[in-house]
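Chemist: Following this message is one structure expressed as structure tokens.
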Amino acid sequence: MDVQNFRDLCDEVSSNQYDSCISTNECYERIKEYCAGKGWNIRKDCVSLRKHLIFEHINSSKEIRPYFDFFSIVWDASNFEVKSKFNATNEDWLNVLKLCWQARESSHYFHSTYDHLGLSNKLVDFSYAWKKLILRGVKYSRVKDDYYISEESFGVIEEIIDDYISRVGGVRCLDFTFRMLSGIYDTNQERYLLYRKTTQGMDVIEPEYPWGYIIALSVKNVEKKGRDSSVVAIETYKSFIEFLKDIVTTFEIQPYVVWESIYVDPERIIHFLQENVLYDNLISFFQFKSVYALEILDYLSQCHDDMSATSYGVSLKKIFSVAKQLIISSDNLNLKEIHPLELKENARVSMRNLLICINKIFKPDSNQKLSFPPSSEQIDHVLKPVVELNGREIILPSCITSLAILNATIKQISFPNNKFNNAIDSKIGKYLERFLIERFENSGIKVYSGDFISLDRKTSGDCDLFIASPKANYIFELKKKSLTRKAMSGEDFSLIRDLGDSVMRSQSQCAKIEYVLLTDNQLTLKDDRGEHLIKYNGMPVQKISVSLNDFGALQDKTVFNTILRLSTQTVFSSTDPVIDLSLVNWRKYLKIFMDYNSLLEPLRNDNVPAFIDNSFMSLPQLMTILDGCCNVESFDKEYGFSRTISYSTRDFYKEYSEKRKLLN
């Protein structure tokens, strides 16, 4: 429904007098009956109407009443499900709007004191953000029901950003940013607790600052000194981050209400994934606890069979040594300058090898191609660990540096001299599996792994980790693959492809293992440590996909459950043969996943909602849980606690922090 056409129809109805008056309840029932009879999903038509009515009221000074009075009744009355598709005519709308008008005396929506914008904070903030941007010369283009920043305004925005940073300076931007974030730093987890703030209707949610984007822009422009005085610079900085907040608010990636991650139309699955990924890269940013990064690097350096191999002429042993010293040198909250002589001594490498490590591995230009829009694939979502500033080397706070160092260092094993070696790369996944097994065993938890085959010899495969406890069976499948740069930027088909190769593949493997366990009432795993027979104990089976790095909200239990549910209701394909070919693996693994789940349905003893026992976690998340475990019973408690209570923050670490407070 076109918004102006809707206004015209409302005007037509309100200009006429109708003798009969009806109650609000009768109005709702008659609208429901009318739409059901037509097979008309009127609520779907209302979604865009709400947005346009508010946007044009704020940006074009168009009246909100009586149009939102009519709209609100229709919205309330349309809280029912109609699966049929029906293209409503003006006559259909007139019939519904007449019912609304007849109920105006009994409906509070038509009262002059009713605040229509009070329950539409997200759209109000969106519209006011646009109003401020329009005053700065930014133009929008409307595509169907959405408003986008016009391409002709990209240059305008870049000029505004460049002017701000030239006035504040790159280093001061970073310094101000980490000072502002210091209040949400958790010393136990060694990270800034950035999370989604949502409401069930009582709290007022406000737009978030895009800290990830701010940090990325500051690193790109770190050489810019800033021409404003210290006193003026802080006010300029505040104006700068307000401007970026307005920009990102127009992207509509921030959830305001808890239910936005639960009730998602299958047709919106791509948008749902994009919104979550972009939030985690623009508003939030990825981090890694330094002690965990050091623990993983220590393990890899001990188990890799060729630490004498070189990358850029430096042995892996020396590269790892420099990497660990950089992490140790970093500060929890502040930027820190590193001193080559001191670093050389601590890492026990020559100055020549140290400089090669810094310049070739840890300090390539970061975000030099970053421009507007920030969702372009040119963003370095994981920042380089070392930044050059006027001939000096600085590193960012520990949680950012540790992640960057870890990724850059592991890359030297499989990408020596920036050339991919698939044979070596395949070893890293095995190393990480072994690392996780030992991490569990160090917490007193017995772990099984290895190849399996069903009793009828028809189903076979391998299981990364299996744990049997008094309360559950845990299947872990680890895939170290992270999202590629295109996927991290929100490119739709790249995102689906990468999720297929990682999480959907691992979930299909978990489903296969569960099928053999429940069908045979046992599972035999064989590895280099021997053969292990596991009897099915009748307990629920937890299927856990494990990644090396965090995937943000995609690893939240509610979001992940929604992704799996929507995936089973959606077919991804493309008329472009190249794109369609990239989706083959997604479709293949999804089919395996769905086929095994269909076979498992009559075998499961528990009557629980679909996918409630499916999880997606990262290695550092599991390490966080294991830090509080001393046996399998305590793991049951810690894992169960992480799954049964939610604060709707969509961030594992914030959730974990809040839950620890409950226990303490």
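Going by the structure tokens order, chains are called A, B, ..., each with residues numbered from 1, while ligands are numbered from 1 in the order shown.
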Can you tell me, as a VMD selection string, what residues are no more than 8 Å from Ile496 of chain A when counting only C-alpha atoms, ignoring any on the same chain fewer than 2 positions away?
Modeler: chain A and resid 487 492 to 494 498 to 500 583 586
Chemist: Write out as an NGL selection string all residues of segment 176-211 of chain A that backbone DSSP assigns to strand (DSSP E).
Modeler: :A and (185-186 or 191-192)
Chemist: Do you have, as JSON lines, the list of residues of segment 267-303 of chain A lying at most 12 Å from segment 405-420 of chain A, each with its nearest atom pair and that distance in Å to one decimal, counting only C-alpha atoms and ordered by chain then number?
Modeler:
```
{"residue": "A:Phe286", "atom": "CA", "partner": "A:Asn407", "partner_atom": "CA", "distance": 12.0}
{"residue": "A:Gln287", "atom": "CA", "partner": "A:Leu406", "partner_atom": "CA", "distance": 10.8}
{"residue": "A:Phe288", "atom": "CA", "partner": "A:Leu406", "partner_atom": "CA", "distance": 8.8}
{"residue": "A:Lys289", "atom": "CA", "partner": "A:Leu406", "partner_atom": "CA", "distance": 10.6}
{"residue": "A:Ser290", "atom": "CA", "partner": "A:Leu406", "partner_atom": "CA", "distance": 9.4}
{"residue": "A:Val291", "atom": "CA", "partner": "A:Leu406", "partner_atom": "CA", "distance": 11.3}
{"residue": "A:Tyr292", "atom": "CA", "partner": "A:Leu406", "partner_atom": "CA", "distance": 9.8}
{"residue": "A:Ala293", "atom": "CA", "partner": "A:Leu406", "partner_atom": "CA", "distance": 6.1}
{"residue": "A:Leu294", "atom": "CA", "partner": "A:Leu406", "partner_atom": "CA", "distance": 8.2}
{"residue": "A:Glu295", "atom": "CA", "partner": "A:Leu406", "partner_atom": "CA", "distance": 10.4}
{"residue": "A:Ile296", "atom": "CA", "partner": "A:Leu406", "partner_atom": "CA", "distance": 8.3}
{"residue": "A:Leu297", "atom": "CA", "partner": "A:Leu406", "partner_atom": "CA", "distance": 7.2}
{"residue": "A:Asp298", "atom": "CA", "partner": "A:Leu406", "partner_atom": "CA", "distance": 10.9}
{"residue": "A:Tyr299", "atom": "CA", "partner": "A:Ile410", "partner_atom": "CA", "distance": 11.6}
{"residue": "A:Leu300", "atom": "CA", "partner": "A:Ile410", "partner_atom": "CA", "distance": 8.5}
{"residue": "A:Ser301", "atom": "CA", "partner": "A:Ile410", "partner_atom": "CA", "distance": 9.9}
```
Chemist: Quick one: everything within 12 Å of Ile625 of chain A, counting only C-alpha atoms, minus sequence neighbours fewer than 2 positions away in the same chain. Send it as a PyMOL selection string.
Modeler: chain A and resi 189+439-440+443+617-623+627-632+634-643+652-653+655-657+659-660
Chemist: What's the 12 Å shell around Glu438 of chain A, counting only C-alpha atoms, without same-chain residues fewer than 6 positions away, as a list in words?
Modeler: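 That gives Glu295, Ile296, Tyr299, Tyr431, Leu432, Gly444, Ile445, Lys446, Val447, Tyr448, Ser449, Leu465, Met623 and Leu626 of chain A.
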Chemist: Could you write out the selected residues, including C-alpha atoms, as a compact mmCIF listing (two decimals), in the first residue's frame?
Modeler:
```
# COMPACT_ATOMS: atom_id res chain seq x y z
CA GLU A 295 47.73 -20.61 25.50
CA ILE A 296 46.76 -21.47 21.92
CA TYR A 299 50.15 -25.28 22.11
CA TYR A 431 45.80 -29.25 16.26
CA LEU A 432 42.85 -27.24 17.55
CA GLY A 444 38.75 -33.64 34.67
CA ILE A 445 36.35 -34.40 31.80
CA LYS A 446 36.70 -37.61 29.78
CA VAL A 447 36.60 -37.00 26.04
CA TYR A 448 36.22 -39.48 23.18
CA SER A 449 36.99 -38.89 19.52
CA LEU A 465 34.79 -34.71 20.44
CA MET A 623 37.61 -22.02 27.39
CA LEU A 626 35.97 -24.70 31.25
```
Chemist: Quick one: residues within 6 Å of segment 258-260 of chain A, only C-alpha atoms, excluding same-chain residues fewer than 3 positions away - as an NGL selection string?
Modeler: :A and (198-200 or 263)
Chemist: Export N, CA and C atoms of the chosen residues as a compact mmCIF listing (two decimals), in the first residue's frame?
Modeler:
```txt
# COMPACT_ATOMS: atom_id res chain seq x y z
N THR A 198 18.23 -4.44 24.55
CA THR A 198 16.87 -4.57 24.03
C THR A 198 15.87 -4.47 25.17
N THR A 199 14.62 -4.34 24.81
CA THR A 199 13.56 -4.18 25.81
C THR A 199 12.38 -5.07 25.45
N GLN A 200 11.57 -5.36 26.46
CA GLN A 200 10.29 -6.04 26.23
C GLN A 200 9.16 -5.02 26.19
N TYR A 263 10.97 -13.69 16.31
CA TYR A 263 9.91 -13.76 15.30
C TYR A 263 10.40 -13.10 14.02
```
Chemist: Within 10 Å of Leu123 of chain A, counting only C-alpha atoms, which residues show up once you throw out same-chain ones fewer than 3 positions away? Write them as a list in words, please.
Modeler: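 Near neighbours after the sequence-gap exclusion: Arg50, Lys51, His52, Leu53, Ile54, Phe55, Leu117, Leu119, Ser120, Phe126, Ser127, Tyr128, Ala129, Thr249, Thr250 and Glu252 of chain A.
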Chemist: From a backbone DSSP assignment, name each residue in segment 9-202 of chain A labelled helix (DSSP H, G or I), as a tab-separated table (two decimals) with N, CA and C atoms, in the first residue's frame.
Modeler:
```
chain	number	residue	atom	x	y	z
A	9	LEU	N	-7.22	7.53	1.24
A	9	LEU	CA	-8.35	6.67	1.60
A	9	LEU	C	-8.85	7.01	3.01
A	10	CYS	N	-7.92	7.30	3.92
A	10	CYS	CA	-8.32	7.71	5.27
A	10	CYS	C	-9.11	9.02	5.23
A	11	ASP	N	-8.65	9.95	4.40
A	11	ASP	CA	-9.37	11.23	4.25
A	11	ASP	C	-10.76	11.01	3.69
A	12	GLU	N	-10.86	10.10	2.73
A	12	GLU	CA	-12.16	9.82	2.11
A	12	GLU	C	-13.13	9.25	3.14
A	13	VAL	N	-12.64	8.32	3.97
A	13	VAL	CA	-13.49	7.70	4.97
A	13	VAL	C	-13.89	8.71	6.05
A	14	SER	N	-12.93	9.49	6.53
A	14	SER	CA	-13.20	10.40	7.64
A	14	SER	C	-14.05	11.60	7.22
A	24	THR	N	-14.59	-1.44	19.88
A	24	THR	CA	-13.27	-1.81	19.38
A	24	THR	C	-13.19	-3.31	19.15
A	25	ASN	N	-13.72	-4.10	20.07
A	25	ASN	CA	-13.67	-5.56	19.92
A	25	ASN	C	-14.41	-6.02	18.68
A	26	GLU	N	-15.59	-5.42	18.45
A	26	GLU	CA	-16.35	-5.79	17.25
A	26	GLU	C	-15.59	-5.40	15.99
A	27	CYS	N	-14.95	-4.24	16.04
A	27	CYS	CA	-14.14	-3.78	14.90
A	27	CYS	C	-13.03	-4.79	14.60
A	28	TYR	N	-12.33	-5.21	15.65
A	28	TYR	CA	-11.22	-6.16	15.46
A	28	TYR	C	-11.73	-7.47	14.85
A	29	GLU	N	-12.84	-7.96	15.38
A	29	GLU	CA	-13.38	-9.23	14.89
A	29	GLU	C	-13.80	-9.14	13.43
A	30	ARG	N	-14.43	-8.03	13.07
A	30	ARG	CA	-14.91	-7.88	11.69
A	30	ARG	C	-13.75	-7.71	10.71
A	31	ILE	N	-12.69	-7.01	11.15
A	31	ILE	CA	-11.49	-6.89	10.30
A	31	ILE	C	-10.85	-8.26	10.12
A	32	LYS	N	-10.77	-9.01	11.21
A	32	LYS	CA	-10.18	-10.35	11.13
A	32	LYS	C	-10.98	-11.24	10.19
A	33	GLU	N	-12.30	-11.22	10.32
A	33	GLU	CA	-13.16	-12.03	9.45
A	33	GLU	C	-13.01	-11.62	7.99
A	34	TYR	N	-12.96	-10.32	7.75
A	34	TYR	CA	-12.87	-9.83	6.37
A	34	TYR	C	-11.55	-10.28	5.73
A	35	CYS	N	-10.45	-10.12	6.46
A	35	CYS	CA	-9.13	-10.47	5.91
A	35	CYS	C	-8.99	-11.98	5.73
A	36	ALA	N	-9.52	-12.73	6.70
A	36	ALA	CA	-9.45	-14.19	6.60
A	36	ALA	C	-10.24	-14.67	5.39
A	37	GLY	N	-11.40	-14.06	5.16
A	37	GLY	CA	-12.21	-14.44	4.01
A	37	GLY	C	-11.54	-14.16	2.68
A	38	LYS	N	-10.74	-13.10	2.66
A	38	LYS	CA	-10.03	-12.73	1.43
A	38	LYS	C	-8.68	-13.43	1.30
A	42	ILE	N	-2.97	-8.59	5.95
A	42	ILE	CA	-2.97	-7.13	6.00
A	42	ILE	C	-1.82	-6.60	6.85
A	43	ARG	N	-1.39	-7.38	7.85
A	43	ARG	CA	-0.30	-6.91	8.71
A	43	ARG	C	0.98	-6.73	7.90
A	44	LYS	N	1.21	-7.61	6.96
A	44	LYS	CA	2.41	-7.49	6.13
A	44	LYS	C	2.40	-6.17	5.36
A	45	ASP	N	1.23	-5.77	4.89
A	45	ASP	CA	1.11	-4.49	4.18
A	45	ASP	C	1.32	-3.31	5.12
A	46	CYS	N	1.06	-3.54	6.41
A	46	CYS	CA	1.14	-2.44	7.38
A	46	CYS	C	2.57	-2.12	7.80
A	47	VAL	N	3.48	-3.08	7.66
A	47	VAL	CA	4.85	-2.88	8.14
A	47	VAL	C	5.49	-1.66	7.49
A	48	SER	N	5.38	-1.57	6.17
A	48	SER	CA	5.98	-0.44	5.47
A	48	SER	C	5.21	0.85	5.72
A	49	LEU	N	3.89	0.75	5.91
A	49	LEU	CA	3.09	1.94	6.17
A	49	LEU	C	3.55	2.65	7.43
A	50	ARG	N	3.79	1.89	8.48
A	50	ARG	CA	4.24	2.48	9.74
A	50	ARG	C	5.52	3.30	9.52
A	51	LYS	N	6.46	2.69	8.79
A	51	LYS	CA	7.75	3.33	8.55
A	51	LYS	C	7.59	4.63	7.78
A	52	HIS	N	6.81	4.60	6.71
A	52	HIS	CA	6.67	5.79	5.86
A	52	HIS	C	5.89	6.90	6.55
A	53	LEU	N	4.87	6.53	7.31
A	53	LEU	CA	4.08	7.54	8.03
A	53	LEU	C	4.96	8.31	9.02
A	54	ILE	N	5.80	7.59	9.76
A	54	ILE	CA	6.68	8.24	10.74
A	54	ILE	C	7.78	9.03	10.05
A	55	PHE	N	8.39	8.42	9.03
A	55	PHE	CA	9.49	9.09	8.32
A	55	PHE	C	9.02	10.41	7.70
A	56	GLU	N	7.88	10.39	7.04
A	56	GLU	CA	7.40	11.60	6.37
A	56	GLU	C	6.87	12.62	7.37
A	57	HIS	N	6.39	12.15	8.50
A	57	HIS	CA	5.96	13.09	9.55
A	57	HIS	C	7.15	13.88	10.07
A	58	ILE	N	8.27	13.21	10.31
A	58	ILE	CA	9.45	13.85	10.88
A	58	ILE	C	10.25	14.61	9.84
A	59	ASN	N	10.34	14.09	8.63
A	59	ASN	CA	11.21	14.70	7.62
A	59	ASN	C	10.49	15.58	6.61
A	60	SER	N	9.18	15.41	6.49
A	60	SER	CA	8.44	16.22	5.52
A	60	SER	C	7.29	16.98	6.17
A	67	TYR	N	-4.11	9.60	10.36
A	67	TYR	CA	-3.65	8.42	9.60
A	67	TYR	C	-3.09	7.33	10.51
A	68	PHE	N	-2.37	7.75	11.55
A	68	PHE	CA	-1.84	6.75	12.46
A	68	PHE	C	-2.93	6.22	13.39
A	69	ASP	N	-4.01	6.98	13.56
A	69	ASP	CA	-5.15	6.47	14.32
A	69	ASP	C	-5.72	5.25	13.61
A	70	PHE	N	-5.97	5.42	12.31
A	70	PHE	CA	-6.47	4.31	11.50
A	70	PHE	C	-5.47	3.15	11.51
A	71	PHE	N	-4.22	3.50	11.26
A	71	PHE	CA	-3.19	2.46	11.15
A	71	PHE	C	-3.11	1.62	12.42
A	72	SER	N	-3.16	2.27	13.58
A	72	SER	CA	-2.97	1.57	14.85
A	72	SER	C	-4.07	0.55	15.10
A	73	ILE	N	-5.30	0.90	14.73
A	73	ILE	CA	-6.40	-0.06	14.88
A	73	ILE	C	-6.18	-1.25	13.96
A	74	VAL	N	-5.82	-0.97	12.71
A	74	VAL	CA	-5.58	-2.06	11.75
A	74	VAL	C	-4.45	-2.96	12.25
A	75	TRP	N	-3.40	-2.34	12.78
A	75	TRP	CA	-2.25	-3.12	13.26
A	75	TRP	C	-2.65	-4.03	14.42
A	76	ASP	N	-3.40	-3.48	15.36
A	76	ASP	CA	-3.85	-4.28	16.50
A	76	ASP	C	-4.77	-5.41	16.04
A	77	ALA	N	-5.65	-5.09	15.12
A	77	ALA	CA	-6.65	-6.07	14.67
A	77	ALA	C	-6.04	-7.17	13.82
A	90	ASN	N	-8.18	-0.90	-3.47
A	90	ASN	CA	-8.61	0.26	-2.69
A	90	ASN	C	-9.93	-0.01	-2.00
A	91	GLU	N	-10.79	-0.76	-2.67
A	91	GLU	CA	-12.09	-1.08	-2.10
A	91	GLU	C	-11.94	-1.91	-0.83
A	92	ASP	N	-10.99	-2.85	-0.85
A	92	ASP	CA	-10.74	-3.66	0.35
A	92	ASP	C	-10.26	-2.78	1.50
A	93	TRP	N	-9.34	-1.89	1.19
A	93	TRP	CA	-8.84	-0.99	2.23
A	93	TRP	C	-9.95	-0.08	2.76
A	94	LEU	N	-10.78	0.40	1.86
A	94	LEU	CA	-11.89	1.27	2.30
A	94	LEU	C	-12.82	0.53	3.26
A	95	ASN	N	-13.10	-0.73	2.96
A	95	ASN	CA	-13.98	-1.51	3.84
A	95	ASN	C	-13.38	-1.66	5.23
A	96	VAL	N	-12.08	-1.87	5.31
A	96	VAL	CA	-11.41	-2.01	6.61
A	96	VAL	C	-11.35	-0.66	7.33
A	97	LEU	N	-11.01	0.39	6.60
A	97	LEU	CA	-10.88	1.71	7.21
A	97	LEU	C	-12.23	2.24	7.69
A	98	LYS	N	-13.31	1.87	7.02
A	98	LYS	CA	-14.65	2.26	7.49
A	98	LYS	C	-14.93	1.66	8.86
A	99	LEU	N	-14.52	0.41	9.05
A	99	LEU	CA	-14.70	-0.24	10.35
A	99	LEU	C	-13.91	0.50	11.44
A	100	CYS	N	-12.71	0.92	11.09
A	100	CYS	CA	-11.89	1.68	12.06
A	100	CYS	C	-12.58	2.99	12.43
A	101	TRP	N	-13.12	3.66	11.44
A	101	TRP	CA	-13.77	4.95	11.67
A	101	TRP	C	-15.01	4.79	12.53
A	102	GLN	N	-15.74	3.69	12.32
A	102	GLN	CA	-16.94	3.44	13.11
A	102	GLN	C	-16.59	3.12	14.57
A	108	HIS	N	-8.94	4.13	21.97
A	108	HIS	CA	-8.06	5.15	22.54
A	108	HIS	C	-7.11	5.72	21.49
A	109	TYR	N	-6.94	4.99	20.37
A	109	TYR	CA	-6.02	5.48	19.34
A	109	TYR	C	-6.50	6.79	18.71
A	110	PHE	N	-7.81	7.03	18.73
A	110	PHE	CA	-8.35	8.25	18.14
A	110	PHE	C	-8.40	9.41	19.13
A	116	HIS	N	1.26	8.40	19.55
A	116	HIS	CA	1.49	7.32	18.58
A	116	HIS	C	2.97	6.98	18.42
A	117	LEU	N	3.84	7.93	18.66
A	117	LEU	CA	5.26	7.68	18.44
A	117	LEU	C	5.95	7.03	19.64
A	118	GLY	N	5.24	6.97	20.76
A	118	GLY	CA	5.85	6.46	21.99
A	118	GLY	C	6.30	5.02	21.91
A	119	LEU	N	5.61	4.21	21.11
A	119	LEU	CA	5.96	2.79	20.99
A	119	LEU	C	6.68	2.48	19.68
A	121	ASN	N	9.95	3.76	18.94
A	121	ASN	CA	11.24	4.43	19.15
A	121	ASN	C	12.24	4.16	18.04
A	122	LYS	N	12.28	2.93	17.57
A	122	LYS	CA	13.29	2.57	16.56
A	122	LYS	C	13.08	3.37	15.28
A	123	LEU	N	11.84	3.47	14.83
A	123	LEU	CA	11.55	4.22	13.61
A	123	LEU	C	11.67	5.72	13.83
A	124	VAL	N	11.36	6.17	15.03
A	124	VAL	CA	11.52	7.60	15.35
A	124	VAL	C	13.00	7.97	15.33
A	125	ASP	N	13.84	7.15	15.96
A	125	ASP	CA	15.28	7.41	15.96
A	125	ASP	C	15.84	7.35	14.54
A	126	PHE	N	15.38	6.37	13.77
A	126	PHE	CA	15.78	6.24	12.37
A	126	PHE	C	15.44	7.51	11.60
A	127	SER	N	14.24	8.01	11.79
A	127	SER	CA	13.78	9.18	11.04
A	127	SER	C	14.52	10.45	11.47
A	128	TYR	N	14.77	10.60	12.77
A	128	TYR	CA	15.51	11.78	13.23
A	128	TYR	C	16.97	11.73	12.80
A	129	ALA	N	17.54	10.53	12.74
A	129	ALA	CA	18.91	10.40	12.22
A	129	ALA	C	18.96	10.89	10.79
A	130	TRP	N	17.96	10.52	10.02
A	130	TRP	CA	17.89	10.99	8.63
A	130	TRP	C	17.72	12.51	8.57
A	131	LYS	N	16.92	13.04	9.48
A	131	LYS	CA	16.69	14.49	9.47
A	131	LYS	C	18.00	15.25	9.68
A	132	LYS	N	18.84	14.75	10.60
A	132	LYS	CA	20.13	15.41	10.86
A	132	LYS	C	21.08	15.25	9.67
A	133	LEU	N	21.04	14.08	9.04
A	133	LEU	CA	21.92	13.85	7.88
A	133	LEU	C	21.50	14.70	6.69
A	134	ILE	N	20.20	14.85	6.50
A	134	ILE	CA	19.70	15.67	5.39
A	134	ILE	C	20.17	17.12	5.55
A	135	LEU	N	20.17	17.61	6.79
A	135	LEU	CA	20.65	18.97	7.04
A	135	LEU	C	22.14	19.13	6.70
A	151	GLU	N	24.05	7.11	-3.53
A	151	GLU	CA	25.45	6.98	-3.93
A	151	GLU	C	26.09	8.35	-4.15
A	152	GLU	N	25.31	9.31	-4.62
A	152	GLU	CA	25.87	10.64	-4.86
A	152	GLU	C	26.27	11.34	-3.56
A	153	SER	N	25.84	10.79	-2.42
A	153	SER	CA	26.20	11.39	-1.13
A	153	SER	C	27.40	10.70	-0.47
A	154	PHE	N	27.90	9.63	-1.07
A	154	PHE	CA	29.04	8.92	-0.48
A	154	PHE	C	30.23	9.87	-0.32
A	155	GLY	N	30.47	10.65	-1.37
A	155	GLY	CA	31.59	11.59	-1.33
A	155	GLY	C	31.40	12.65	-0.26
A	156	VAL	N	30.16	13.10	-0.09
A	156	VAL	CA	29.85	14.11	0.94
A	156	VAL	C	30.20	13.56	2.32
A	157	ILE	N	29.80	12.32	2.57
A	157	ILE	CA	30.06	11.69	3.88
A	157	ILE	C	31.55	11.50	4.10
A	158	GLU	N	32.26	11.07	3.06
A	158	GLU	CA	33.71	10.88	3.19
A	158	GLU	C	34.40	12.21	3.53
A	159	GLU	N	33.95	13.29	2.91
A	159	GLU	CA	34.55	14.60	3.20
A	159	GLU	C	34.30	15.01	4.65
A	160	ILE	N	33.09	14.74	5.14
A	160	ILE	CA	32.77	15.08	6.53
A	160	ILE	C	33.64	14.26	7.49
A	161	ILE	N	33.77	12.96	7.21
A	161	ILE	CA	34.61	12.10	8.05
A	161	ILE	C	36.06	12.56	8.03
A	162	ASP	N	36.58	12.84	6.84
A	162	ASP	CA	37.98	13.28	6.72
A	162	ASP	C	38.22	14.58	7.48
A	163	ASP	N	37.25	15.49	7.41
A	163	ASP	CA	37.40	16.77	8.11
A	163	ASP	C	37.43	16.56	9.62
A	164	TYR	N	36.54	15.70	10.11
A	164	TYR	CA	36.53	15.42	11.55
A	164	TYR	C	37.86	14.85	12.02
A	165	ILE	N	38.35	13.83	11.31
A	165	ILE	CA	39.58	13.17	11.76
A	165	ILE	C	40.78	14.10	11.60
A	166	SER	N	40.77	14.94	10.58
A	166	SER	CA	41.86	15.91	10.41
A	166	SER	C	41.89	16.90	11.57
A	167	ARG	N	40.73	17.18	12.13
A	167	ARG	CA	40.66	18.10	13.26
A	167	ARG	C	41.02	17.42	14.59
A	168	VAL	N	40.56	16.18	14.76
A	168	VAL	CA	40.80	15.48	16.03
A	168	VAL	C	42.15	14.78	16.02
A	170	GLY	N	44.08	10.95	14.37
A	170	GLY	CA	43.82	9.52	14.49
A	170	GLY	C	44.11	8.96	15.87
A	171	VAL	N	45.27	9.32	16.44
A	171	VAL	CA	45.64	8.79	17.76
A	171	VAL	C	44.70	9.31	18.83
A	172	ARG	N	44.35	10.60	18.75
A	172	ARG	CA	43.43	11.14	19.76
A	172	ARG	C	42.06	10.48	19.65
A	173	CYS	N	41.64	10.17	18.42
A	173	CYS	CA	40.36	9.45	18.24
A	173	CYS	C	40.42	8.11	18.97
A	174	LEU	N	41.51	7.39	18.79
A	174	LEU	CA	41.67	6.10	19.47
A	174	LEU	C	41.71	6.28	20.98
A	175	ASP	N	42.46	7.27	21.42
A	175	ASP	CA	42.60	7.51	22.86
A	175	ASP	C	41.26	7.86	23.49
A	176	PHE	N	40.52	8.79	22.86
A	176	PHE	CA	39.20	9.17	23.37
A	176	PHE	C	38.25	7.97	23.38
A	177	THR	N	38.32	7.16	22.32
A	177	THR	CA	37.42	6.01	22.21
A	177	THR	C	37.64	5.01	23.34
A	178	PHE	N	38.89	4.65	23.57
A	178	PHE	CA	39.16	3.65	24.61
A	178	PHE	C	38.92	4.21	26.01
A	179	ARG	N	39.03	5.52	26.17
A	179	ARG	CA	38.66	6.13	27.45
A	179	ARG	C	37.16	6.00	27.68
A	180	MET	N	36.39	6.27	26.63
A	180	MET	CA	34.93	6.18	26.76
A	180	MET	C	34.48	4.74	27.01
A	181	LEU	N	35.22	3.79	26.44
A	181	LEU	CA	34.85	2.38	26.59
A	181	LEU	C	35.36	1.77	27.89
A	182	SER	N	36.23	2.46	28.60
A	182	SER	CA	36.86	1.88	29.79
A	182	SER	C	35.83	1.49	30.85
A	183	GLY	N	34.70	2.19	30.88
A	183	GLY	CA	33.68	1.90	31.88
A	183	GLY	C	32.99	0.56	31.68
A	184	ILE	N	33.09	-0.01	30.49
A	184	ILE	CA	32.45	-1.31	30.25
A	184	ILE	C	33.49	-2.42	30.09
```
Chemist: Quick one: pull the distance between atom CA of Lys661 of chain A and atom CA of Leu548 of chain A, Å, one decimal.
Modeler: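 Distance reported for this atom pair: 27.0 Å.
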Chemist: If we count only C-alpha atoms and set the cut-off at 8 Å, which residues sit around Tyr213 of chain A, ignoring sequence neighbours fewer than 6 positions away in its own chain? Please answer as a PyMOL selection string.
Modeler: chain A and resi 281-283+374
Chemist: Keeping only N, CA and C atoms, write those residues as a PDB file, in the first residue's frame.
Modeler:
```pdb
ATOM      1  N   ASN A 281      30.280  -5.926  13.449  1.00  0.00           N
ATOM      2  CA  ASN A 281      31.482  -5.363  12.846  1.00  0.00           C
ATOM      3  C   ASN A 281      31.515  -3.845  12.871  1.00  0.00           C
ATOM      4  N   LEU A 282      30.365  -3.212  12.997  1.00  0.00           N
ATOM      5  CA  LEU A 282      30.310  -1.750  12.984  1.00  0.00           C
ATOM      6  C   LEU A 282      30.067  -1.176  14.372  1.00  0.00           C
ATOM      7  N   ILE A 283      29.083  -1.695  15.067  1.00  0.00           N
ATOM      8  CA  ILE A 283      28.774  -1.193  16.405  1.00  0.00           C
ATOM      9  C   ILE A 283      29.677  -1.866  17.438  1.00  0.00           C
ATOM     10  N   PRO A 374      30.719   1.748   4.970  1.00  0.00           N
ATOM     11  CA  PRO A 374      31.645   0.918   5.743  1.00  0.00           C
ATOM     12  C   PRO A 374      31.411  -0.570   5.596  1.00  0.00           C
TER      13      PRO A 374
END
```
Chemist: A:Ser107, A:Gln555, A:Gln507, A:Asn664: which is nearest Asn276 of chain A, counting only C-alpha atoms?
Modeler: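 Smallest distance to Asn276 of chain A is found for A:Gln555.
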Chemist: Just to confirm, what's the straight-line distance from atom CA of Glu337 of chain A to atom CA of Glu393 of chain A in Å (one decimal)?
Modeler: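 These atoms are spaced 5.7 Å apart.
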Chemist: Enter the distance from atom CA of Gln325 of chain A to atom CA of Thr310 of chain A, in Å, rounded to one decimal.
Modeler: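 These atoms are spaced 18.9 Å apart.
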